[in-house]
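The structure under discussion appears below in the form of C-alpha cells.
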Amino acid sequence: MHSAVFTKGVALRIEESEDFIIQVLEAMYRFTLSDWGDVGAVDWAQNDLARRPLIKGEGGRIIAAYGEGEDKIWIIADLEAVTILFPSEY
C-alpha cells in the first residue's frame with residue numbers, strides 16, 4: 001500500500017487540535033493491526049478478505065471508521081492511496 005494522504009478538512013483539523021492528531025495517529029495504528037474500528041460485521045469481513053490481495057498489489061479496497069461526532073474519520077485504502085478523511089468529504 002502507498003503512503004497515507006489527508007483530505008483538506010482533516011489536514012486543517014490536525015493543525016487546530018493536538019487531541020485530533022493523537023486520534024488520527026491511534027486510528028492509523030489500529031488500521032495497521034487490521035482493527036477496522038466502527039464498521040459492521042459484513043464490512044469487517046470484507047476488509048479482512050481484501051487485505052492480503054491489496055497488500056500484494058492485486059486490487060481491493062478497505063474502509064475503516066474511527067471516532068465519533070465531528071471527529072469521526074474514515075480510512076480508505078486502495079491500490080492508489082491510503083486516505084484519511086471525514087465522512088462528509090467522501
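Identifiers for the C-alpha cells are assigned positionally: chains receive A, B, ... in sequence, residues are indexed from 1 per chain, and ligands are indexed from 1 in the order shown.
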**OP:** Among the residues of chain A, find those DSSP assigns to strand (DSSP E or B) from the backbone and print them as a count of residues only.
**Re:** 18
**OP:** Do a neighbour search on segment 69-74 of chain A at 6 Å with only C-alpha atoms, toss out local chain neighbours closer than 2 positions, and write the hits as a VMD selection string.
**Re:** chain A and resid 64 to 67 84 to 86
Subject >> Distance query Ile76 of chain A at most 12 Å, only C-alpha atoms, self and fewer than 3 positions along chain excluded, as a ChimeraX atom specification >> reply: /A:1-7,27-28,31,36,47,50-51,54,60-66,73,79-87,89-90
Original post:
What are the DSSP helix (DSSP H, G or I) residues of chain A, as a ChimeraX atom specification?
Top reply: /A:8-16,18-32,41-55,69-71,87-89
Would you output that residue set with N, CA and C atoms, as a compact mmCIF listing (two decimals), in the first residue's frame?
# COMPACT_ATOMS: atom_id res chain seq x y z
N LYS A 8 -8.20 17.82 2.74
CA LYS A 8 -8.01 19.19 3.23
C LYS A 8 -8.66 19.38 4.60
N GLY A 9 -9.88 18.86 4.77
CA GLY A 9 -10.59 19.02 6.04
C GLY A 9 -9.84 18.39 7.20
N VAL A 10 -9.33 17.20 7.00
CA VAL A 10 -8.59 16.51 8.06
C VAL A 10 -7.28 17.25 8.33
N ALA A 11 -6.60 17.68 7.29
CA ALA A 11 -5.33 18.41 7.47
C ALA A 11 -5.56 19.69 8.27
N LEU A 12 -6.62 20.42 7.98
CA LEU A 12 -6.92 21.65 8.73
C LEU A 12 -7.24 21.34 10.19
N ARG A 13 -7.99 20.28 10.42
CA ARG A 13 -8.34 19.90 11.80
C ARG A 13 -7.10 19.47 12.57
N ILE A 14 -6.17 18.79 11.91
CA ILE A 14 -4.92 18.39 12.54
C ILE A 14 -4.15 19.62 13.00
N GLU A 15 -4.14 20.66 12.18
CA GLU A 15 -3.44 21.90 12.54
C GLU A 15 -4.06 22.57 13.76
N GLU A 16 -5.36 22.36 13.96
CA GLU A 16 -6.09 23.04 15.02
C GLU A 16 -6.03 22.33 16.38
N GLU A 18 -4.26 19.25 18.93
CA GLU A 18 -3.35 18.18 19.31
C GLU A 18 -4.10 16.90 19.62
N ASP A 19 -5.26 17.03 20.25
CA ASP A 19 -6.06 15.84 20.56
C ASP A 19 -6.48 15.12 19.29
N PHE A 20 -6.80 15.87 18.26
CA PHE A 20 -7.20 15.24 17.00
C PHE A 20 -6.02 14.54 16.34
N ILE A 21 -4.84 15.13 16.41
CA ILE A 21 -3.64 14.49 15.88
C ILE A 21 -3.46 13.12 16.53
N ILE A 22 -3.61 13.08 17.84
CA ILE A 22 -3.47 11.82 18.57
C ILE A 22 -4.52 10.82 18.12
N GLN A 23 -5.76 11.28 17.94
CA GLN A 23 -6.83 10.40 17.48
C GLN A 23 -6.49 9.81 16.10
N VAL A 24 -6.00 10.64 15.20
CA VAL A 24 -5.66 10.17 13.86
C VAL A 24 -4.51 9.16 13.92
N LEU A 25 -3.49 9.44 14.70
CA LEU A 25 -2.37 8.50 14.82
C LEU A 25 -2.82 7.18 15.42
N GLU A 26 -3.69 7.23 16.42
CA GLU A 26 -4.22 5.99 17.01
C GLU A 26 -5.03 5.20 15.99
N ALA A 27 -5.84 5.91 15.19
CA ALA A 27 -6.63 5.25 14.16
C ALA A 27 -5.73 4.59 13.12
N MET A 28 -4.68 5.29 12.71
CA MET A 28 -3.76 4.73 11.73
C MET A 28 -3.06 3.48 12.29
N TYR A 29 -2.71 3.53 13.56
CA TYR A 29 -2.09 2.37 14.19
C TYR A 29 -3.06 1.19 14.21
N ARG A 30 -4.29 1.43 14.64
CA ARG A 30 -5.30 0.38 14.66
C ARG A 30 -5.50 -0.20 13.25
N PHE A 31 -5.50 0.66 12.26
CA PHE A 31 -5.67 0.23 10.87
C PHE A 31 -4.55 -0.74 10.48
N THR A 32 -3.33 -0.44 10.88
CA THR A 32 -2.21 -1.32 10.54
C THR A 32 -2.32 -2.68 11.21
N ALA A 41 -20.28 -5.91 10.82
CA ALA A 41 -19.66 -7.24 10.67
C ALA A 41 -19.40 -7.59 9.22
N VAL A 42 -20.30 -7.23 8.33
CA VAL A 42 -20.12 -7.54 6.90
C VAL A 42 -18.92 -6.77 6.34
N ASP A 43 -18.85 -5.48 6.65
CA ASP A 43 -17.72 -4.67 6.17
C ASP A 43 -16.41 -5.17 6.77
N TRP A 44 -16.44 -5.56 8.05
CA TRP A 44 -15.23 -6.08 8.71
C TRP A 44 -14.73 -7.31 7.96
N ALA A 45 -15.64 -8.23 7.65
CA ALA A 45 -15.26 -9.46 6.95
C ALA A 45 -14.74 -9.16 5.55
N GLN A 46 -15.37 -8.22 4.86
CA GLN A 46 -14.90 -7.85 3.52
C GLN A 46 -13.51 -7.21 3.59
N ASN A 47 -13.27 -6.40 4.61
CA ASN A 47 -11.94 -5.81 4.79
C ASN A 47 -10.90 -6.90 5.01
N ASP A 48 -11.24 -7.87 5.86
CA ASP A 48 -10.30 -8.96 6.12
C ASP A 48 -9.96 -9.71 4.83
N LEU A 49 -10.97 -9.94 3.98
CA LEU A 49 -10.73 -10.63 2.71
C LEU A 49 -9.92 -9.78 1.74
N ALA A 50 -10.10 -8.48 1.76
CA ALA A 50 -9.43 -7.58 0.81
C ALA A 50 -7.99 -7.28 1.21
N ARG A 51 -7.65 -7.47 2.46
CA ARG A 51 -6.34 -7.06 2.99
C ARG A 51 -5.17 -7.69 2.23
N ARG A 52 -5.14 -8.99 2.14
CA ARG A 52 -3.99 -9.68 1.53
C ARG A 52 -3.83 -9.32 0.04
N PRO A 53 -4.91 -9.40 -0.78
CA PRO A 53 -4.74 -9.01 -2.19
C PRO A 53 -4.29 -7.56 -2.35
N LEU A 54 -4.78 -6.69 -1.49
CA LEU A 54 -4.39 -5.28 -1.57
C LEU A 54 -2.91 -5.12 -1.27
N ILE A 55 -2.43 -5.79 -0.25
CA ILE A 55 -1.00 -5.71 0.10
C ILE A 55 -0.14 -6.26 -1.04
N GLY A 69 -18.88 11.78 16.20
CA GLY A 69 -19.23 13.19 16.06
C GLY A 69 -18.40 13.88 15.00
N GLU A 70 -18.03 15.12 15.28
CA GLU A 70 -17.25 15.93 14.33
C GLU A 70 -15.87 15.34 14.05
N ASP A 71 -15.36 14.55 14.96
CA ASP A 71 -14.02 13.99 14.81
C ASP A 71 -14.01 12.59 14.21
N PRO A 87 -16.16 11.62 6.86
CA PRO A 87 -17.22 11.04 6.03
C PRO A 87 -17.87 12.07 5.09
N SER A 88 -17.99 13.31 5.54
CA SER A 88 -18.60 14.35 4.70
C SER A 88 -17.75 14.70 3.48
N GLU A 89 -16.50 14.28 3.45
CA GLU A 89 -15.61 14.58 2.32
C GLU A 89 -15.60 13.47 1.29
